[in-house]
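Written below as structure tokens is the structure these notes are about.
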Amino acid sequence: MTDKQPIPFLDLKAQQRRIAIDLRHRLDAVLEHCQFVLGPEVRELETALAKFCGAAHCVSVSSGTDALQIALMAEGIGRGDAVFLPAFTYTATAEVPLLLGATPVFVDVDPRTFQIDPVHLAQRIEQVRADGKLKPRAIIGVDLFGQSAEWPALRDIARQNELFLLDDLAQSFGASLHGKMLGSQADATATSFFPSKPLGAYGDGGALFTESEQRAELYRSLRTHGEGKTRYEVLRTGMNGRLDSIQAAVLLAKLAVFPEELRARERIAQIYDQRLGNAVTTPKRVADSTSAWAIYAILLHDEAARDRAQMVLRAGGVPTAIYYPRPLHRQPAYSAQHDGSALPVSEDLATRILALPIHPDLTDHDVDRICTAMLATV
Ligand SMILES: Cc1ncc(COP(=O)(O)O)c(C=O)c1O
């Protein structure tokens, strides 16, 4: 391979070659039984996922967005309700409360870990209470980029304010905090199996985790049009949010190699930390946690330095990405919802952040090329 050959930002073909035999076997089984929606693979996957992250219940659904929506629907969140969430996250986190008629209230993030800032969260809840227009109802804590949010602090704030606490684990399934896999830090946890996620399907998929039997039952009903004990008993307004058996089969094949993939991502992150740590700001780890390293994001000095780095890296065959070029309160879809509070960290990160490739099929040579190219830009 020449040293100009592009390095893939994510290499799903290489991953597919590693799991080809098991994958083919599992897909053939689905083609054989033809139960394409909520088939036996779906139940097998739910059991395996709950065991993997130590949660009492897993309810698979059709996407991470639908997982968030079902969790909020189950709490009856809607018009007049305030849902607190970070301004620096993917659009789905804010889109869901809005779809249900609730108002997203944007909270700033920690400048070094990029996770929702508990101190600012508490201030924002006070502010909304004092304002008296909206009723504080829920917090969505996002585990951004593969890392854990500060869950003990978020739980304290939720408890003090009697708010529903939802973990948006879409980017970070496989991460842990205080020696425990994420999945049971909040009242409910929503994850995504979008293909580019650390554990990704070959299409859309997601899952909900909860310790509450009652909530799990509600989630199962809501994902199937609000059905009751029998198929044609409709208890509530629900949605079509079920997972396909083919996606479950793919996820089962990938789950078998997931722990070793997490270790490979961690190893690459450590090399980046060591090689790049003196030249750029590398991501700070949340104390006593492990990351699923969905994204390895560094901070450049300013926007001009980022533009320059992206250009030089691209010319050297190294792809990069910007998550996120705009915080949500600056997006046209959400700016009218924002009360004008300053969110300086989210705004600053948007101008300087840059994601480098990180996936289990990067070779040592690739990682060396990425580091050498990156160091040449600063
Ligand atoms: C933080 C976050 N929340 C929610 C979602 C939505 O997941 P999905 O794409 O599976 O609907 C994503 C997906 O990218 C995400 O990054």
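Chain lettering (A, B, ...) mirrors the order of the structure tokens, residue numbering begins at 1 for each chain separately, and ligand numbering begins at 1 in order of display.
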Extract, using only C-alpha atoms, all DNA, RNA and protein residues at most 10 Å from Val234 (chain A), discarding same-chain residues fewer than 4 positions from it, and format them as a PDB file with N, CA and C atoms, in the first residue's frame.
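This went into around-v3.pdb:
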```pdb
ATOM      1  N   SER A 221     -45.129  -2.390  24.447  1.00  0.00           N
ATOM      2  CA  SER A 221     -46.433  -2.006  23.913  1.00  0.00           C
ATOM      3  C   SER A 221     -46.289  -0.844  22.927  1.00  0.00           C
ATOM      4  N   LEU A 222     -45.529   0.173  23.331  1.00  0.00           N
ATOM      5  CA  LEU A 222     -45.396   1.378  22.489  1.00  0.00           C
ATOM      6  C   LEU A 222     -44.714   1.076  21.157  1.00  0.00           C
ATOM      7  N   THR A 224     -45.051  -1.457  19.406  1.00  0.00           N
ATOM      8  CA  THR A 224     -45.979  -2.193  18.531  1.00  0.00           C
ATOM      9  C   THR A 224     -47.366  -1.555  18.615  1.00  0.00           C
ATOM     10  N   HIS A 225     -47.444  -0.275  18.232  1.00  0.00           N
ATOM     11  CA  HIS A 225     -48.734   0.424  18.098  1.00  0.00           C
ATOM     12  C   HIS A 225     -49.557   0.441  19.378  1.00  0.00           C
ATOM     13  N   GLY A 226     -48.922   0.351  20.521  1.00  0.00           N
ATOM     14  CA  GLY A 226     -49.660   0.429  21.782  1.00  0.00           C
ATOM     15  C   GLY A 226     -50.462  -0.808  22.100  1.00  0.00           C
ATOM     16  N   GLU A 227     -50.036  -1.957  21.550  1.00  0.00           N
ATOM     17  CA  GLU A 227     -50.833  -3.182  21.725  1.00  0.00           C
ATOM     18  C   GLU A 227     -50.839  -3.660  23.180  1.00  0.00           C
ATOM     19  N   GLY A 228     -51.914  -4.392  23.518  1.00  0.00           N
ATOM     20  CA  GLY A 228     -52.063  -4.940  24.861  1.00  0.00           C
ATOM     21  C   GLY A 228     -51.621  -6.391  24.900  1.00  0.00           C
ATOM     22  N   LYS A 229     -52.367  -7.204  25.633  1.00  0.00           N
ATOM     23  CA  LYS A 229     -51.977  -8.618  25.801  1.00  0.00           C
ATOM     24  C   LYS A 229     -52.187  -9.401  24.503  1.00  0.00           C
ATOM     25  N   THR A 230     -53.158  -8.964  23.711  1.00  0.00           N
ATOM     26  CA  THR A 230     -53.380  -9.638  22.433  1.00  0.00           C
ATOM     27  C   THR A 230     -53.126  -8.642  21.310  1.00  0.00           C
ATOM     28  N   GLY A 238     -49.352   4.248  20.117  1.00  0.00           N
ATOM     29  CA  GLY A 238     -47.956   3.822  20.053  1.00  0.00           C
ATOM     30  C   GLY A 238     -47.355   4.163  18.708  1.00  0.00           C
TER      31      GLY A 238
END
```
Let me see if you get this right: every residue at most 9 Å from ligand 1, counting only C-alpha atoms and all ligand atoms, written as JSON, numbers by chain. {"A": [62, 63, 64, 65, 66, 67, 68, 89, 90, 91, 92, 93, 94, 142, 143, 144, 145, 168, 169, 170, 171, 172, 190, 191, 192, 193, 194, 195, 196, 197, 204, 205, 206]}
My list of candidates is A:Ala342, A:Val250, A:Leu208, A:Ala294. Which is closest to Leu49 (chain A) when distances are computed with only C-alpha atoms?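 Counting only C-alpha atoms, the residue closest to Leu49 (chain A) is A:Leu208.
Surrounding region 179-182 of chain A within 9 Å are A:Phe52, A:Cys53, A:Gly54, A:Ala55, A:Ser148, A:Asp167, A:Leu169, A:Ser172, A:Phe173, A:Gly174, A:Ala175, A:Ser176, A:Leu177, A:Ser184, A:Gln185, A:Thr189, A:Asp288, A:Ser289, A:Thr290, with only C-alpha atoms counted and residues fewer than 2 positions along the same chain left out.
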Determine, counting only C-alpha atoms, which protein, DNA and RNA residues have an atom within 9 Å of an atom of Ile271 (chain A); residues of the same chain fewer than 5 positions away are not included. Present the result as a ChimeraX atom specification. /A:266,276,367-368,371
Put those residues in a file: C-alpha atoms, as a PDB file, in the first residue's frame.
```pdb
ATOM      1  CA  GLU A 266      -8.806   1.710  23.299  1.00  0.00           C
ATOM      2  CA  LEU A 276      -0.496  13.854  19.845  1.00  0.00           C
ATOM      3  CA  VAL A 367      -2.257   4.935  13.014  1.00  0.00           C
ATOM      4  CA  ASP A 368       1.378   5.922  12.562  1.00  0.00           C
ATOM      5  CA  CYS A 371      -0.189  10.722  13.779  1.00  0.00           C
TER       6      CYS A 371
END
```
Within 10 Å of Glu126 (chain A) using only C-alpha atoms, minus same-chain residues under 5 positions, as a PDB file with N, CA and C atoms, in the first residue's frame:
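So the final result, stored in result.pdb, reads:
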```
ATOM      1  N   HIS A 120     -23.936  23.479  35.209  1.00  0.00           N
ATOM      2  CA  HIS A 120     -24.800  24.292  34.343  1.00  0.00           C
ATOM      3  C   HIS A 120     -26.205  23.696  34.262  1.00  0.00           C
ATOM      4  N   LEU A 121     -26.295  22.388  34.290  1.00  0.00           N
ATOM      5  CA  LEU A 121     -27.611  21.728  34.268  1.00  0.00           C
ATOM      6  C   LEU A 121     -28.455  22.190  35.457  1.00  0.00           C
ATOM      7  N   ASP A 131     -38.545  31.045  35.874  1.00  0.00           N
ATOM      8  CA  ASP A 131     -39.247  31.649  34.744  1.00  0.00           C
ATOM      9  C   ASP A 131     -40.743  31.288  34.748  1.00  0.00           C
ATOM     10  N   GLY A 132     -41.035  30.070  35.203  1.00  0.00           N
ATOM     11  CA  GLY A 132     -42.415  29.641  35.425  1.00  0.00           C
ATOM     12  C   GLY A 132     -43.241  29.304  34.188  1.00  0.00           C
ATOM     13  N   PRO A 136     -40.327  21.644  34.412  1.00  0.00           N
ATOM     14  CA  PRO A 136     -39.199  20.717  34.261  1.00  0.00           C
ATOM     15  C   PRO A 136     -39.684  19.269  34.415  1.00  0.00           C
ATOM     16  N   ASN A 161     -34.655  17.162  41.884  1.00  0.00           N
ATOM     17  CA  ASN A 161     -35.670  17.927  41.150  1.00  0.00           C
ATOM     18  C   ASN A 161     -36.850  17.065  40.686  1.00  0.00           C
TER      19      ASN A 161
END
```
DSSP-assigned strand (DSSP E or B) among region 109-188 of chain A, expressed as a ChimeraX atom specification: /A:109,116,135-142,164-168,176-177,180-181,188
Please produce a file of the residues just selected, as a tab-separated table (two decimals), in the first residue's frame, where the atoms kept are N, CA and C atoms.
```tsv
chain	number	residue	atom	x	y	z
A	109	VAL	N	-21.60	22.13	27.93
A	109	VAL	CA	-20.83	20.90	28.19
A	109	VAL	C	-19.48	21.23	28.80
A	116	ILE	N	-22.14	16.65	29.13
A	116	ILE	CA	-23.05	17.64	29.72
A	116	ILE	C	-22.50	18.09	31.08
A	135	LYS	N	-42.70	23.35	32.63
A	135	LYS	CA	-42.57	22.46	33.79
A	135	LYS	C	-41.35	21.55	33.57
A	136	PRO	N	-40.33	21.64	34.41
A	136	PRO	CA	-39.20	20.72	34.26
A	136	PRO	C	-39.68	19.27	34.42
A	137	ARG	N	-39.39	18.41	33.43
A	137	ARG	CA	-39.88	17.03	33.48
A	137	ARG	C	-38.78	15.99	33.34
A	138	ALA	N	-37.79	16.28	32.48
A	138	ALA	CA	-36.81	15.22	32.19
A	138	ALA	C	-35.44	15.79	31.87
A	139	ILE	N	-34.44	14.95	32.11
A	139	ILE	CA	-33.06	15.25	31.69
A	139	ILE	C	-32.65	14.14	30.72
A	140	ILE	N	-32.09	14.53	29.57
A	140	ILE	CA	-31.46	13.52	28.71
A	140	ILE	C	-29.95	13.74	28.81
A	141	GLY	N	-29.27	12.83	29.49
A	141	GLY	CA	-27.81	12.88	29.56
A	141	GLY	C	-27.28	12.10	28.37
A	142	VAL	N	-26.38	12.70	27.63
A	142	VAL	CA	-25.81	12.03	26.45
A	142	VAL	C	-24.40	11.56	26.79
A	164	PHE	N	-37.41	12.81	35.40
A	164	PHE	CA	-37.11	11.54	34.73
A	164	PHE	C	-35.72	11.67	34.11
A	165	LEU	N	-34.87	10.66	34.33
A	165	LEU	CA	-33.50	10.72	33.81
A	165	LEU	C	-33.34	9.66	32.71
A	166	LEU	N	-33.03	10.15	31.51
A	166	LEU	CA	-32.86	9.27	30.35
A	166	LEU	C	-31.41	9.34	29.89
A	167	ASP	N	-30.81	8.18	29.68
A	167	ASP	CA	-29.44	8.10	29.17
A	167	ASP	C	-29.49	7.91	27.66
A	168	ASP	N	-28.98	8.89	26.91
A	168	ASP	CA	-28.83	8.73	25.45
A	168	ASP	C	-27.45	8.12	25.22
A	176	SER	N	-17.98	2.05	29.99
A	176	SER	CA	-18.29	1.71	31.38
A	176	SER	C	-17.96	2.87	32.31
A	177	LEU	N	-18.58	2.83	33.48
A	177	LEU	CA	-18.29	3.83	34.53
A	177	LEU	C	-18.20	3.09	35.85
A	180	LYS	N	-18.68	-0.63	35.70
A	180	LYS	CA	-19.96	-1.21	35.26
A	180	LYS	C	-20.30	-0.68	33.87
A	181	MET	N	-20.68	-1.60	32.97
A	181	MET	CA	-21.09	-1.18	31.63
A	181	MET	C	-22.25	-0.19	31.71
A	188	ALA	N	-33.94	5.10	32.40
A	188	ALA	CA	-33.98	4.33	31.16
A	188	ALA	C	-32.78	4.73	30.32
```
Tell me, as a compact mmCIF listing (two decimals) with N, CA and C atoms, in the first residue's frame, which residues lie within 8 Å of region 306-309 of chain A, counting only C-alpha atoms; anything in the same chain fewer than 2 positions away does not count.
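Output file selection.txt follows:
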```txt
# COMPACT_ATOMS: atom_id res chain seq x y z
N LEU A 300 -8.11 21.80 18.09
CA LEU A 300 -7.05 22.61 17.50
C LEU A 300 -7.09 24.00 18.12
N HIS A 301 -6.10 24.82 17.79
CA HIS A 301 -6.02 26.14 18.42
C HIS A 301 -7.23 27.02 18.05
N ASP A 302 -7.57 27.02 16.77
CA ASP A 302 -8.71 27.82 16.33
C ASP A 302 -9.25 27.24 15.01
N GLU A 303 -10.25 27.90 14.45
CA GLU A 303 -10.89 27.39 13.24
C GLU A 303 -9.92 27.34 12.05
N ALA A 304 -9.06 28.36 11.96
CA ALA A 304 -8.10 28.40 10.84
C ALA A 304 -7.13 27.22 10.94
N MET A 311 -7.16 20.10 5.58
CA MET A 311 -6.69 20.14 4.19
C MET A 311 -5.43 19.29 4.03
N VAL A 312 -4.49 19.47 4.95
CA VAL A 312 -3.22 18.75 4.87
C VAL A 312 -3.46 17.24 5.04
N LEU A 313 -4.32 16.89 5.99
CA LEU A 313 -4.59 15.48 6.23
C LEU A 313 -5.28 14.85 5.02
N ARG A 352 -13.44 24.36 16.84
CA ARG A 352 -12.06 23.84 16.95
C ARG A 352 -11.95 22.33 16.96
N ILE A 353 -13.07 21.64 17.04
CA ILE A 353 -13.01 20.19 17.26
C ILE A 353 -12.78 19.46 15.93
N LEU A 354 -12.07 18.34 16.01
CA LEU A 354 -11.78 17.56 14.80
C LEU A 354 -11.67 16.07 15.18
N MET A 374 -0.77 14.32 11.21
CA MET A 374 -1.38 15.31 12.12
C MET A 374 -0.29 16.21 12.71
N THR A 377 0.92 19.14 10.76
CA THR A 377 0.02 20.27 10.50
C THR A 377 0.05 21.32 11.61
N VAL A 378 0.68 20.99 12.75
CA VAL A 378 0.61 21.96 13.89
C VAL A 378 1.99 22.52 14.23
```
Shortest contact to Ile295 (chain A), candidates A:Arg155, A:His338, A:Arg236, A:His359, atoms counted only C-alpha atoms, goes to A:His359
Of the residues A:Gly78, A:Phe84, A:Thr237, A:Ser245, which is the one nearest to Glu46 (chain A), using only C-alpha atoms?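 That would be A:Ser245, the residue with the smallest distance to Glu46 (chain A).
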Alpha helix (DSSP H) residues, from DSSP on the backbone, in region 14-79 of chain A, as JSON, numbers by chain: {"A": [14, 15, 16, 17, 18, 19, 20, 21, 22, 23, 24, 25, 26, 27, 28, 29, 30, 31, 32, 33, 40, 41, 42, 43, 44, 45, 46, 47, 48, 49, 50, 51, 52, 53, 64, 65, 66, 67, 68, 69, 70, 71, 72, 73, 74]}
Save the residues we just selected, N, CA and C atoms, as a short mmCIF file (atom, residue, chain, number, x, y, z; two decimals), in the first residue's frame?
```cif
data_model
loop_
_atom_site.label_atom_id
_atom_site.label_comp_id
_atom_site.auth_asym_id
_atom_site.auth_seq_id
_atom_site.Cartn_x
_atom_site.Cartn_y
_atom_site.Cartn_z
N ALA A 14 -13.87 -4.48 6.05
CA ALA A 14 -12.85 -5.28 6.76
C ALA A 14 -13.49 -6.00 7.93
N GLN A 15 -14.39 -5.29 8.63
CA GLN A 15 -15.07 -5.93 9.77
C GLN A 15 -15.91 -7.11 9.28
N GLN A 16 -16.58 -6.91 8.14
CA GLN A 16 -17.43 -7.99 7.60
C GLN A 16 -16.61 -9.23 7.26
N ARG A 17 -15.41 -9.02 6.76
CA ARG A 17 -14.55 -10.18 6.44
C ARG A 17 -14.22 -10.96 7.71
N ARG A 18 -14.04 -10.26 8.84
CA ARG A 18 -13.69 -10.95 10.10
C ARG A 18 -14.82 -11.82 10.63
N ILE A 19 -16.09 -11.40 10.36
CA ILE A 19 -17.22 -12.12 10.95
C ILE A 19 -18.01 -12.91 9.89
N ALA A 20 -17.43 -13.05 8.69
CA ALA A 20 -18.19 -13.53 7.52
C ALA A 20 -18.90 -14.86 7.76
N ILE A 21 -18.24 -15.82 8.39
CA ILE A 21 -18.82 -17.17 8.49
C ILE A 21 -20.03 -17.15 9.42
N ASP A 22 -19.85 -16.59 10.60
CA ASP A 22 -20.95 -16.51 11.57
C ASP A 22 -22.11 -15.68 11.01
N LEU A 23 -21.77 -14.59 10.37
CA LEU A 23 -22.78 -13.69 9.81
C LEU A 23 -23.65 -14.42 8.78
N ARG A 24 -22.99 -15.11 7.87
CA ARG A 24 -23.71 -15.82 6.79
C ARG A 24 -24.64 -16.89 7.39
N HIS A 25 -24.11 -17.58 8.36
CA HIS A 25 -24.86 -18.64 9.03
C HIS A 25 -26.13 -18.06 9.67
N ARG A 26 -25.98 -16.93 10.37
CA ARG A 26 -27.13 -16.31 11.06
C ARG A 26 -28.12 -15.73 10.06
N LEU A 27 -27.63 -15.12 8.98
CA LEU A 27 -28.55 -14.56 7.98
C LEU A 27 -29.32 -15.68 7.27
N ASP A 28 -28.63 -16.78 7.00
CA ASP A 28 -29.30 -17.93 6.37
C ASP A 28 -30.44 -18.44 7.25
N ALA A 29 -30.23 -18.43 8.56
CA ALA A 29 -31.27 -18.91 9.48
C ALA A 29 -32.52 -18.02 9.37
N VAL A 30 -32.33 -16.71 9.24
CA VAL A 30 -33.49 -15.81 9.09
C VAL A 30 -34.20 -16.09 7.77
N LEU A 31 -33.42 -16.28 6.71
CA LEU A 31 -34.03 -16.55 5.40
C LEU A 31 -34.80 -17.87 5.42
N GLU A 32 -34.34 -18.76 6.25
CA GLU A 32 -35.00 -20.06 6.38
C GLU A 32 -36.34 -19.94 7.10
N HIS A 33 -36.37 -19.22 8.26
CA HIS A 33 -37.63 -19.20 9.03
C HIS A 33 -38.59 -18.09 8.58
N PRO A 40 -37.00 -14.87 16.24
CA PRO A 40 -36.25 -15.42 17.38
C PRO A 40 -34.90 -14.72 17.63
N GLU A 41 -34.27 -14.21 16.58
CA GLU A 41 -32.98 -13.52 16.76
C GLU A 41 -33.17 -12.26 17.61
N VAL A 42 -34.35 -11.63 17.49
CA VAL A 42 -34.59 -10.40 18.24
C VAL A 42 -34.62 -10.70 19.74
N ARG A 43 -35.31 -11.77 20.10
CA ARG A 43 -35.37 -12.14 21.52
C ARG A 43 -33.98 -12.56 22.01
N GLU A 44 -33.27 -13.32 21.19
CA GLU A 44 -31.91 -13.75 21.57
C GLU A 44 -31.00 -12.53 21.77
N LEU A 45 -31.15 -11.56 20.88
CA LEU A 45 -30.32 -10.35 20.99
C LEU A 45 -30.67 -9.57 22.27
N GLU A 46 -31.95 -9.43 22.56
CA GLU A 46 -32.35 -8.66 23.76
C GLU A 46 -31.74 -9.29 25.02
N THR A 47 -31.79 -10.62 25.09
CA THR A 47 -31.20 -11.31 26.25
C THR A 47 -29.69 -11.06 26.30
N ALA A 48 -29.04 -11.17 25.14
CA ALA A 48 -27.58 -11.01 25.10
C ALA A 48 -27.16 -9.58 25.45
N LEU A 49 -27.92 -8.60 24.96
CA LEU A 49 -27.56 -7.20 25.23
C LEU A 49 -27.75 -6.85 26.70
N ALA A 50 -28.86 -7.34 27.28
CA ALA A 50 -29.13 -7.06 28.70
C ALA A 50 -28.00 -7.66 29.54
N LYS A 51 -27.58 -8.88 29.18
CA LYS A 51 -26.50 -9.54 29.93
C LYS A 51 -25.20 -8.76 29.74
N PHE A 52 -24.93 -8.36 28.52
CA PHE A 52 -23.68 -7.65 28.22
C PHE A 52 -23.52 -6.41 29.08
N CYS A 53 -24.62 -5.64 29.23
CA CYS A 53 -24.45 -4.39 29.98
C CYS A 53 -25.06 -4.46 31.38
N GLY A 64 -32.20 4.43 17.27
CA GLY A 64 -31.90 5.16 18.50
C GLY A 64 -32.90 6.30 18.72
N THR A 65 -33.31 6.93 17.64
CA THR A 65 -34.29 8.02 17.74
C THR A 65 -35.60 7.50 18.28
N ASP A 66 -36.04 6.35 17.76
CA ASP A 66 -37.30 5.77 18.25
C ASP A 66 -37.16 5.33 19.71
N ALA A 67 -35.97 4.89 20.09
CA ALA A 67 -35.76 4.50 21.50
C ALA A 67 -35.97 5.72 22.40
N LEU A 68 -35.40 6.86 22.01
CA LEU A 68 -35.59 8.10 22.80
C LEU A 68 -37.08 8.47 22.84
N GLN A 69 -37.72 8.36 21.67
CA GLN A 69 -39.13 8.78 21.60
C GLN A 69 -40.02 7.89 22.47
N ILE A 70 -39.80 6.59 22.40
CA ILE A 70 -40.61 5.66 23.19
C ILE A 70 -40.40 5.93 24.69
N ALA A 71 -39.15 6.19 25.08
CA ALA A 71 -38.87 6.45 26.50
C ALA A 71 -39.61 7.70 26.99
N LEU A 72 -39.64 8.75 26.18
CA LEU A 72 -40.34 9.98 26.59
C LEU A 72 -41.85 9.81 26.51
N MET A 73 -42.33 9.09 25.49
CA MET A 73 -43.78 8.83 25.38
C MET A 73 -44.28 8.08 26.61
N ALA A 74 -43.47 7.12 27.07
CA ALA A 74 -43.88 6.30 28.22
C ALA A 74 -44.05 7.14 29.48
#
```
So how many Å separate CA of Asp244 (chain A) and CA of Gly101 (chain A), to one decimal?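 Pair CA of Asp244 (chain A) / CA of Gly101 (chain A) returns 28.6 Å.
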I want to know what sits within 9 Å of Gly317 (chain A), based on only C-alpha atoms, with residues of the same chain fewer than 3 positions away left out; could you give that as a ChimeraX atom specification? /A:3-8,312-314,370
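For the set A:Ala56, A:Ala264, A:Ala201, A:Ala373, the residue with the smallest atom-to-atom gap to Ile246 (chain A) is A:Ala201, counting only C-alpha atoms.
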